[in-house]
file query.tsv (TSV, N, CA and C atoms)
chain	number	residue	atom	x	y	z
A	8	MET	N	9.80	-164.61	15.27
A	8	MET	CA	9.29	-165.96	15.06
A	8	MET	C	8.96	-166.64	16.38
A	9	CYS	N	9.68	-166.36	17.44
A	9	CYS	CA	9.43	-167.00	18.73
A	9	CYS	C	8.07	-166.62	19.30
A	10	LYS	N	7.64	-165.36	19.09
A	10	LYS	CA	6.33	-164.95	19.58
A	10	LYS	C	5.23	-165.72	18.87
A	11	MET	N	5.42	-165.96	17.59
A	11	MET	CA	4.42	-166.70	16.80
A	11	MET	C	4.34	-168.15	17.28
A	12	GLN	N	5.47	-168.77	17.58
A	12	GLN	CA	5.48	-170.14	18.09
A	12	GLN	C	4.83	-170.21	19.47
A	13	ALA	N	5.10	-169.23	20.33
A	13	ALA	CA	4.50	-169.21	21.66
A	13	ALA	C	2.98	-169.05	21.54
A	14	PHE	N	2.52	-168.19	20.65
A	14	PHE	CA	1.08	-168.00	20.44
A	14	PHE	C	0.45	-169.29	19.94
A	15	PHE	N	1.11	-169.95	18.99
A	15	PHE	CA	0.59	-171.20	18.44
A	15	PHE	C	0.50	-172.28	19.52
A	16	LEU	N	1.53	-172.42	20.33
A	16	LEU	CA	1.53	-173.42	21.40
A	16	LEU	C	0.43	-173.12	22.43
A	17	ALA	N	0.25	-171.84	22.75
A	17	ALA	CA	-0.80	-171.47	23.70
A	17	ALA	C	-2.18	-171.79	23.12
A	18	ALA	N	-2.38	-171.52	21.84
A	18	ALA	CA	-3.66	-171.81	21.19
A	18	ALA	C	-3.92	-173.31	21.17
A	19	VAL	N	-2.91	-174.10	20.87
A	19	VAL	CA	-3.06	-175.56	20.87
A	19	VAL	C	-3.38	-176.05	22.28
A	20	PHE	N	-2.68	-175.54	23.27
A	20	PHE	CA	-2.93	-175.95	24.66
A	20	PHE	C	-4.36	-175.63	25.07
A	21	LEU	N	-4.83	-174.43	24.78
A	21	LEU	CA	-6.20	-174.05	25.12
A	21	LEU	C	-7.22	-174.91	24.38
A	22	GLY	N	-6.94	-175.22	23.13
A	22	GLY	CA	-7.84	-176.09	22.36
A	22	GLY	C	-7.93	-177.48	22.95
A	23	VAL	N	-6.81	-178.03	23.36
A	23	VAL	CA	-6.79	-179.36	23.97
A	23	VAL	C	-7.53	-179.32	25.30
A	24	MET	N	-7.32	-178.31	26.11
A	24	MET	CA	-8.01	-178.20	27.40
A	24	MET	C	-9.52	-178.08	27.20
A	25	TYR	N	-9.95	-177.32	26.21
A	25	TYR	CA	-11.38	-177.18	25.91
A	25	TYR	C	-11.96	-178.53	25.49
A	26	ALA	N	-11.26	-179.26	24.64
A	26	ALA	CA	-11.74	-180.57	24.19
A	26	ALA	C	-11.83	-181.55	25.35
A	27	ILE	N	-10.85	-181.55	26.23
A	27	ILE	CA	-10.85	-182.46	27.38
A	27	ILE	C	-12.00	-182.12	28.31
A	28	SER	N	-12.22	-180.84	28.57
A	28	SER	CA	-13.31	-180.47	29.48
A	28	SER	C	-14.65	-180.82	28.87
A	29	GLY	N	-14.79	-180.73	27.56
A	29	GLY	CA	-16.03	-181.11	26.89
A	29	GLY	C	-16.29	-182.59	27.01
A	30	CYS	N	-15.26	-183.39	26.93
A	30	CYS	CA	-15.41	-184.84	27.05
A	30	CYS	C	-15.80	-185.23	28.46
A	31	SER	N	-15.27	-184.54	29.46
A	31	SER	CA	-15.56	-184.92	30.83
A	31	SER	C	-17.00	-184.60	31.22
A	32	GLU	N	-17.68	-183.73	30.48
A	32	GLU	CA	-19.05	-183.38	30.78
A	32	GLU	C	-20.04	-184.33	30.11
A	33	GLN	N	-19.56	-185.29	29.36
A	33	GLN	CA	-20.45	-186.24	28.69
A	33	GLN	C	-21.25	-186.99	29.73
A	34	ILE	N	-22.55	-187.04	29.53
A	34	ILE	CA	-23.46	-187.71	30.46
A	34	ILE	C	-23.37	-189.21	30.24
A	35	GLU	N	-23.26	-189.94	31.33
A	35	GLU	CA	-23.21	-191.40	31.25
A	35	GLU	C	-24.64	-191.92	31.23
A	36	MET	N	-25.05	-192.52	30.12
A	36	MET	CA	-26.43	-192.94	29.95
A	36	MET	C	-26.59	-194.45	29.76
A	37	THR	N	-25.50	-195.20	29.65
A	37	THR	CA	-25.66	-196.64	29.44
A	37	THR	C	-26.43	-197.25	30.59
A	38	GLY	N	-27.28	-198.21	30.27
A	38	GLY	CA	-28.06	-198.88	31.29
A	38	GLY	C	-29.44	-199.25	30.79
A	39	THR	N	-30.28	-199.67	31.73
A	39	THR	CA	-31.64	-200.09	31.44
A	39	THR	C	-32.61	-199.08	32.03
A	40	TYR	N	-33.62	-198.71	31.24
A	40	TYR	CA	-34.60	-197.72	31.63
A	40	TYR	C	-36.01	-198.31	31.50
A	41	GLN	N	-36.80	-198.15	32.55
A	41	GLN	CA	-38.18	-198.65	32.60
A	41	GLN	C	-39.13	-197.46	32.46
A	42	GLN	N	-40.16	-197.62	31.64
A	42	GLN	CA	-41.18	-196.59	31.52
A	42	GLN	C	-41.95	-196.53	32.82
A	43	VAL	N	-42.11	-195.31	33.39
A	43	VAL	CA	-42.77	-195.17	34.69
A	43	VAL	C	-44.08	-194.40	34.63
A	44	SER	N	-44.41	-193.80	33.49
A	44	SER	CA	-45.69	-193.11	33.40
A	44	SER	C	-46.36	-193.45	32.08
A	45	GLY	N	-47.69	-193.46	32.14
A	45	GLY	CA	-48.46	-193.77	30.94
A	45	GLY	C	-48.50	-195.24	30.61
A	46	ILE	N	-48.07	-196.08	31.53
A	46	ILE	CA	-48.06	-197.52	31.28
A	46	ILE	C	-49.47	-198.06	31.37
A	47	VAL	N	-49.87	-198.77	30.34
A	47	VAL	CA	-51.16	-199.45	30.36
A	47	VAL	C	-51.02	-200.64	31.29
A	48	PRO	N	-52.00	-200.85	32.20
A	48	PRO	CA	-51.89	-202.00	33.12
A	48	PRO	C	-51.60	-203.30	32.38
A	49	GLY	N	-50.61	-204.02	32.87
A	49	GLY	CA	-50.26	-205.31	32.28
A	49	GLY	C	-49.27	-205.21	31.13
A	50	SER	N	-48.85	-203.99	30.76
A	50	SER	CA	-47.87	-203.86	29.68
A	50	SER	C	-46.56	-203.31	30.23
A	51	SER	N	-45.49	-203.46	29.46
A	51	SER	CA	-44.20	-202.94	29.89
A	51	SER	C	-43.47	-202.33	28.71
A	52	SER	N	-42.60	-201.40	29.03
A	52	SER	CA	-41.78	-200.74	28.03
A	52	SER	C	-40.42	-200.48	28.65
A	53	VAL	N	-39.37	-201.04	28.02
A	53	VAL	CA	-38.01	-200.95	28.54
A	53	VAL	C	-37.08	-200.52	27.41
A	54	ILE	N	-36.17	-199.61	27.74
A	54	ILE	CA	-35.12	-199.20	26.79
A	54	ILE	C	-33.78	-199.59	27.38
A	55	GLU	N	-32.98	-200.28	26.58
A	55	GLU	CA	-31.62	-200.67	26.96
A	55	GLU	C	-30.64	-199.85	26.13
A	56	LEU	N	-29.75	-199.09	26.80
A	56	LEU	CA	-28.71	-198.32	26.13
A	56	LEU	C	-27.37	-198.99	26.41
A	57	GLU	N	-26.74	-199.50	25.37
A	57	GLU	CA	-25.47	-200.22	25.52
A	57	GLU	C	-24.29	-199.26	25.37
A	58	GLY	N	-23.17	-199.64	25.95
A	58	GLY	CA	-21.95	-198.85	25.86
A	58	GLY	C	-21.42	-198.74	24.44
A	59	THR	N	-21.86	-199.61	23.55
A	59	THR	CA	-21.45	-199.58	22.14
A	59	THR	C	-22.25	-198.56	21.34
A	60	LYS	N	-23.13	-197.82	22.02
A	60	LYS	CA	-24.04	-196.82	21.41
A	60	LYS	C	-25.15	-197.48	20.61
A	61	ASN	N	-25.36	-198.77	20.81
A	61	ASN	CA	-26.53	-199.46	20.26
A	61	ASN	C	-27.57	-199.54	21.36
A	62	GLY	N	-28.82	-199.66	20.96
A	62	GLY	CA	-29.88	-199.77	21.94
A	62	GLY	C	-31.07	-200.49	21.38
A	63	VAL	N	-32.02	-200.80	22.28
A	63	VAL	CA	-33.25	-201.46	21.87
A	63	VAL	C	-34.38	-200.95	22.78
A	64	TRP	N	-35.54	-200.68	22.18
A	64	TRP	CA	-36.75	-200.29	22.91
A	64	TRP	C	-37.70	-201.46	22.77
A	65	GLN	N	-38.00	-202.12	23.90
A	65	GLN	CA	-38.86	-203.30	23.89
A	65	GLN	C	-40.19	-202.99	24.57
A	66	THR	N	-41.27	-203.36	23.88
A	66	THR	CA	-42.61	-203.29	24.45
A	66	THR	C	-43.22	-204.68	24.34
A	67	ASP	N	-44.45	-204.81	24.82
A	67	ASP	CA	-45.13	-206.10	24.72
A	67	ASP	C	-45.43	-206.50	23.28
A	68	ILE	N	-45.50	-205.51	22.38
A	68	ILE	CA	-45.90	-205.81	21.00
A	68	ILE	C	-44.83	-205.52	19.95
A	69	ASP	N	-43.72	-204.89	20.35
A	69	ASP	CA	-42.72	-204.51	19.34
A	69	ASP	C	-41.34	-204.39	19.98
A	70	GLU	N	-40.34	-204.37	19.11
A	70	GLU	CA	-38.95	-204.17	19.52
A	70	GLU	C	-38.28	-203.33	18.44
A	71	VAL	N	-37.69	-202.19	18.86
A	71	VAL	CA	-37.05	-201.28	17.91
A	71	VAL	C	-35.58	-201.16	18.27
A	72	SER	N	-34.70	-201.46	17.31
A	72	SER	CA	-33.26	-201.30	17.49
A	72	SER	C	-32.85	-199.93	16.99
A	73	PHE	N	-31.81	-199.36	17.62
A	73	PHE	CA	-31.36	-198.02	17.23
A	73	PHE	C	-29.92	-197.80	17.66
A	74	ARG	N	-29.32	-196.74	17.13
A	74	ARG	CA	-28.03	-196.21	17.59
A	74	ARG	C	-28.36	-194.94	18.35
A	75	TRP	N	-27.62	-194.67	19.43
A	75	TRP	CA	-27.94	-193.49	20.23
A	75	TRP	C	-26.72	-192.61	20.46
A	76	SER	N	-27.01	-191.32	20.72
A	76	SER	CA	-25.97	-190.36	21.05
A	76	SER	C	-26.59	-189.28	21.94
A	77	ILE	N	-25.72	-188.50	22.57
A	77	ILE	CA	-26.14	-187.41	23.44
A	77	ILE	C	-25.71	-186.09	22.82
A	78	ARG	N	-26.66	-185.15	22.70
A	78	ARG	CA	-26.37	-183.80	22.20
A	78	ARG	C	-27.26	-182.82	22.93
A	79	ASP	N	-26.67	-181.77	23.48
A	79	ASP	CA	-27.43	-180.68	24.09
A	79	ASP	C	-28.46	-181.17	25.10
A	80	ASN	N	-28.05	-182.01	26.03
A	80	ASN	CA	-28.92	-182.56	27.08
A	80	ASN	C	-30.13	-183.31	26.52
A	81	LYS	N	-29.93	-183.89	25.34
A	81	LYS	CA	-30.97	-184.72	24.73
A	81	LYS	C	-30.34	-186.03	24.27
A	82	ILE	N	-31.16	-187.08	24.31
A	82	ILE	CA	-30.72	-188.36	23.78
A	82	ILE	C	-31.37	-188.52	22.40
A	83	TRP	N	-30.55	-188.82	21.41
A	83	TRP	CA	-31.00	-189.00	20.03
A	83	TRP	C	-30.91	-190.49	19.71
A	84	MET	N	-32.03	-191.07	19.31
A	84	MET	CA	-32.08	-192.48	18.96
A	84	MET	C	-32.41	-192.60	17.48
A	85	HIS	N	-31.46	-193.10	16.70
A	85	HIS	CA	-31.61	-193.25	15.25
A	85	HIS	C	-31.97	-194.70	14.95
A	86	THR	N	-33.22	-194.93	14.53
A	86	THR	CA	-33.66	-196.30	14.27
A	86	THR	C	-33.08	-196.82	12.96
A	87	LYS	N	-33.05	-198.12	12.83
A	87	LYS	CA	-32.50	-198.74	11.62
A	87	LYS	C	-33.38	-198.48	10.40
A	88	THR	N	-34.65	-198.09	10.62
A	88	THR	CA	-35.54	-197.79	9.50
A	88	THR	C	-35.46	-196.32	9.08
A	89	GLY	N	-34.59	-195.54	9.75
A	89	GLY	CA	-34.39	-194.14	9.36
A	89	GLY	C	-35.09	-193.13	10.24
A	90	GLY	N	-35.86	-193.58	11.21
A	90	GLY	CA	-36.54	-192.65	12.12
A	90	GLY	C	-35.60	-192.11	13.18
A	91	VAL	N	-35.97	-190.96	13.75
A	91	VAL	CA	-35.20	-190.36	14.83
A	91	VAL	C	-36.15	-190.07	15.99
A	92	ILE	N	-35.80	-190.56	17.17
A	92	ILE	CA	-36.56	-190.32	18.38
A	92	ILE	C	-35.65	-189.51	19.30
A	93	ILE	N	-36.17	-188.38	19.79
A	93	ILE	CA	-35.38	-187.50	20.63
A	93	ILE	C	-36.02	-187.43	22.01
A	94	GLY	N	-35.21	-187.63	23.04
A	94	GLY	CA	-35.69	-187.55	24.41
A	94	GLY	C	-34.94	-186.49	25.19
A	95	ARG	N	-35.63	-185.85	26.11
A	95	ARG	CA	-35.03	-184.84	26.99
A	95	ARG	C	-34.52	-185.55	28.24
A	96	ILE	N	-33.24	-185.36	28.55
A	96	ILE	CA	-32.61	-186.02	29.69
A	96	ILE	C	-33.06	-185.36	30.99
A	97	THR	N	-33.38	-186.19	31.99
A	97	THR	CA	-33.76	-185.73	33.32
A	97	THR	C	-32.80	-186.31	34.35
A	98	ASP	N	-33.02	-185.98	35.61
A	98	ASP	CA	-32.16	-186.51	36.68
A	98	ASP	C	-32.29	-188.02	36.82
A	99	GLN	N	-33.48	-188.56	36.54
A	99	GLN	CA	-33.72	-189.99	36.72
A	99	GLN	C	-33.60	-190.79	35.43
A	100	GLY	N	-33.60	-190.14	34.27
A	100	GLY	CA	-33.58	-190.85	32.99
A	100	GLY	C	-33.84	-189.91	31.84
A	101	PHE	N	-35.00	-190.07	31.17
A	101	PHE	CA	-35.35	-189.19	30.06
A	101	PHE	C	-36.84	-189.27	29.76
A	102	VAL	N	-37.31	-188.27	29.01
A	102	VAL	CA	-38.71	-188.18	28.60
A	102	VAL	C	-38.76	-188.12	27.08
A	103	ILE	N	-39.58	-188.97	26.49
A	103	ILE	CA	-39.77	-188.99	25.04
A	103	ILE	C	-41.19	-188.53	24.75
A	104	GLU	N	-41.34	-187.57	23.85
A	104	GLU	CA	-42.66	-187.10	23.43
A	104	GLU	C	-42.86	-187.49	21.98
A	105	LEU	N	-43.90	-188.29	21.73
A	105	LEU	CA	-44.21	-188.72	20.37
A	105	LEU	C	-45.52	-188.08	19.93
A	106	PRO	N	-45.51	-187.43	18.77
A	106	PRO	CA	-46.73	-186.79	18.28
A	106	PRO	C	-47.88	-187.79	18.19
A	107	GLU	N	-49.05	-187.37	18.60
A	107	GLU	CA	-50.28	-188.15	18.55
A	107	GLU	C	-50.25	-189.41	19.41
A	108	VAL	N	-49.20	-189.58	20.20
A	108	VAL	CA	-49.11	-190.74	21.09
A	108	VAL	C	-49.02	-190.26	22.54
A	109	GLY	N	-48.15	-189.30	22.79
A	109	GLY	CA	-47.99	-188.75	24.13
A	109	GLY	C	-46.58	-188.85	24.66
A	110	SER	N	-46.46	-188.62	25.96
A	110	SER	CA	-45.15	-188.63	26.63
A	110	SER	C	-44.86	-189.98	27.25
A	111	PHE	N	-43.60	-190.36	27.19
A	111	PHE	CA	-43.10	-191.57	27.83
A	111	PHE	C	-41.98	-191.14	28.77
A	112	VAL	N	-42.14	-191.42	30.05
A	112	VAL	CA	-41.12	-191.08	31.04
A	112	VAL	C	-40.39	-192.36	31.42
A	113	PHE	N	-39.08	-192.35	31.26
A	113	PHE	CA	-38.25	-193.51	31.58
A	113	PHE	C	-37.30	-193.17	32.72
A	114	HIS	N	-37.20	-194.08	33.70
A	114	HIS	CA	-36.24	-193.95	34.79
A	114	HIS	C	-35.26	-195.11	34.73
A	115	ARG	N	-34.02	-194.80	35.08
A	115	ARG	CA	-32.97	-195.83	35.08
A	115	ARG	C	-33.23	-196.84	36.20
A	116	VAL	N	-33.14	-198.10	35.83
A	116	VAL	CA	-33.30	-199.18	36.83
A	116	VAL	C	-32.00	-199.96	37.03
A	117	ARG	N	-31.09	-199.89	36.05
A	117	ARG	CA	-29.78	-200.55	36.16
A	117	ARG	C	-28.77	-199.74	35.40
call {"tool": "encode", "arguments": {"input": "query.tsv", "output": "structure tokens"}}
result
Amino acid sequence: MCKMQAFFLAAVFLGVMYAISGCSEQIEMTGTYQQVSGIVPGSSSVIELEGTKNGVWQTDIDEVSFRWSIRDNKIWMHTKTGGVIIGRITDQGFVIELPEVGSFVFHRVR
């Protein structure tokens, strides 16, 4: 019975260590991001990612609220209307590709 308890404790310890190491690799994304490419002169596009996992994408003509999460080096933005916007994380921020619209490159400003 002692060997079984030792095996169980070792398995629990390894599981906890794996979970802790996974948490420490979480990318810190909270902040403000400004669109840096594809901007039409005189327009602006800003995404705010809050620590509460809520966010907002503001443009000159619209504002979209969403909940966000990080998975597999991608940022997932779930809009309140049921849409999902996925961006690829880069060193400076992230890139969003929208079908029939194009790419939006965002860099962190705060």
call {"tool": "residues_around", "arguments": {"input": "query.tsv", "residues": "Lys60 (chain A)", "least_positions_apart": "2", "cutoff": "7 Å", "atoms": "only C-alpha atoms", "output": "PDB file with N, CA and C atoms, in the frame of the given file"}}
result
ATOM      1  N   LEU A  56     -29.750-199.090  26.800  1.00  0.00           N
ATOM      2  CA  LEU A  56     -28.710-198.320  26.130  1.00  0.00           C
ATOM      3  C   LEU A  56     -27.370-198.990  26.410  1.00  0.00           C
ATOM      4  N   GLU A  57     -26.740-199.500  25.370  1.00  0.00           N
ATOM      5  CA  GLU A  57     -25.470-200.220  25.520  1.00  0.00           C
ATOM      6  C   GLU A  57     -24.290-199.260  25.370  1.00  0.00           C
ATOM      7  N   GLY A  58     -23.170-199.640  25.950  1.00  0.00           N
ATOM      8  CA  GLY A  58     -21.950-198.850  25.860  1.00  0.00           C
ATOM      9  C   GLY A  58     -21.420-198.740  24.440  1.00  0.00           C
ATOM     10  N   GLY A  62     -28.820-199.660  20.960  1.00  0.00           N
ATOM     11  CA  GLY A  62     -29.880-199.770  21.940  1.00  0.00           C
ATOM     12  C   GLY A  62     -31.070-200.490  21.380  1.00  0.00           C
ATOM     13  N   ARG A  74     -29.320-196.740  17.130  1.00  0.00           N
ATOM     14  CA  ARG A  74     -28.030-196.210  17.590  1.00  0.00           C
ATOM     15  C   ARG A  74     -28.360-194.940  18.350  1.00  0.00           C
ATOM     16  N   TRP A  75     -27.620-194.670  19.430  1.00  0.00           N
ATOM     17  CA  TRP A  75     -27.940-193.490  20.230  1.00  0.00           C
ATOM     18  C   TRP A  75     -26.720-192.610  20.460  1.00  0.00           C
ATOM     19  N   SER A  76     -27.010-191.320  20.720  1.00  0.00           N
ATOM     20  CA  SER A  76     -25.970-190.360  21.050  1.00  0.00           C
ATOM     21  C   SER A  76     -26.590-189.280  21.940  1.00  0.00           C
TER      22      SER A  76
END
call {"tool": "atom_distance", "arguments": {"input": "query.tsv", "atom1": "CA of Thr37 (chain A)", "atom2": "CA of Val102 (chain A)"}}
result
15.6 Å
call {"tool": "closest_residue", "arguments": {"input": "query.tsv", "among": "A:Ser50, A:Asn80, A:Asn61, A:Thr39", "to": "Asp98 (chain A)", "atoms": "only C-alpha atoms"}}
result
A:Asn80
call {"tool": "atom_distance", "arguments": {"input": "query.tsv", "atom1": "CA of Gly90 (chain A)", "atom2": "CA of Gly38 (chain A)"}}
result
21.9 Å
call {"tool": "closest_residue", "arguments": {"input": "query.tsv", "among": "A:Ser72, A:Val116, A:Gly100, A:Asp67", "to": "Lys87 (chain A)", "atoms": "only N, CA and C atoms"}}
result
A:Ser72
call {"tool": "closest_residue", "arguments": {"input": "query.tsv", "among": "A:Ser51, A:Met36, A:Ile92, A:Gln42", "to": "His114 (chain A)", "atoms": "all atoms listed in the file"}}
result
A:Gln42
call {"tool": "atom_distance", "arguments": {"input": "query.tsv", "atom1": "atom C of Arg117 (chain A)", "atom2": "CA of Tyr40 (chain A)"}}
result
7.2 Å
call {"tool": "closest_residue", "arguments": {"input": "query.tsv", "among": "A:Thr66, A:Gln41, A:Ile82, A:Glu35", "to": "Val112 (chain A)", "atoms": "all atoms listed in the file"}}
result
A:Gln41
call {"tool": "residues_around", "arguments": {"input": "query.tsv", "residues": "Ile93 (chain A)", "least_positions_apart": "5", "cutoff": "7 Å", "atoms": "all atoms listed in the file", "output": "number ranges by chain"}}
result
A: 81-84, 102-104
call {"tool": "write_last_selection", "arguments": {"input": "query.tsv", "atoms": "N, CA and C atoms", "output": "PDB file, in the coordinates of the input"}}
result
ATOM      1  N   LYS A  81     -29.930-183.890  25.340  1.00  0.00           N
ATOM      2  CA  LYS A  81     -30.970-184.720  24.730  1.00  0.00           C
ATOM      3  C   LYS A  81     -30.340-186.030  24.270  1.00  0.00           C
ATOM      4  N   ILE A  82     -31.160-187.080  24.310  1.00  0.00           N
ATOM      5  CA  ILE A  82     -30.720-188.360  23.780  1.00  0.00           C
ATOM      6  C   ILE A  82     -31.370-188.520  22.400  1.00  0.00           C
ATOM      7  N   TRP A  83     -30.550-188.820  21.410  1.00  0.00           N
ATOM      8  CA  TRP A  83     -31.000-189.000  20.030  1.00  0.00           C
ATOM      9  C   TRP A  83     -30.910-190.490  19.710  1.00  0.00           C
ATOM     10  N   MET A  84     -32.030-191.070  19.310  1.00  0.00           N
ATOM     11  CA  MET A  84     -32.080-192.480  18.960  1.00  0.00           C
ATOM     12  C   MET A  84     -32.410-192.600  17.480  1.00  0.00           C
ATOM     13  N   VAL A 102     -37.310-188.270  29.010  1.00  0.00           N
ATOM     14  CA  VAL A 102     -38.710-188.180  28.600  1.00  0.00           C
ATOM     15  C   VAL A 102     -38.760-188.120  27.080  1.00  0.00           C
ATOM     16  N   ILE A 103     -39.580-188.970  26.490  1.00  0.00           N
ATOM     17  CA  ILE A 103     -39.770-188.990  25.040  1.00  0.00           C
ATOM     18  C   ILE A 103     -41.190-188.530  24.750  1.00  0.00           C
ATOM     19  N   GLU A 104     -41.340-187.570  23.850  1.00  0.00           N
ATOM     20  CA  GLU A 104     -42.660-187.100  23.430  1.00  0.00           C
ATOM     21  C   GLU A 104     -42.860-187.490  21.980  1.00  0.00           C
TER      22      GLU A 104
END
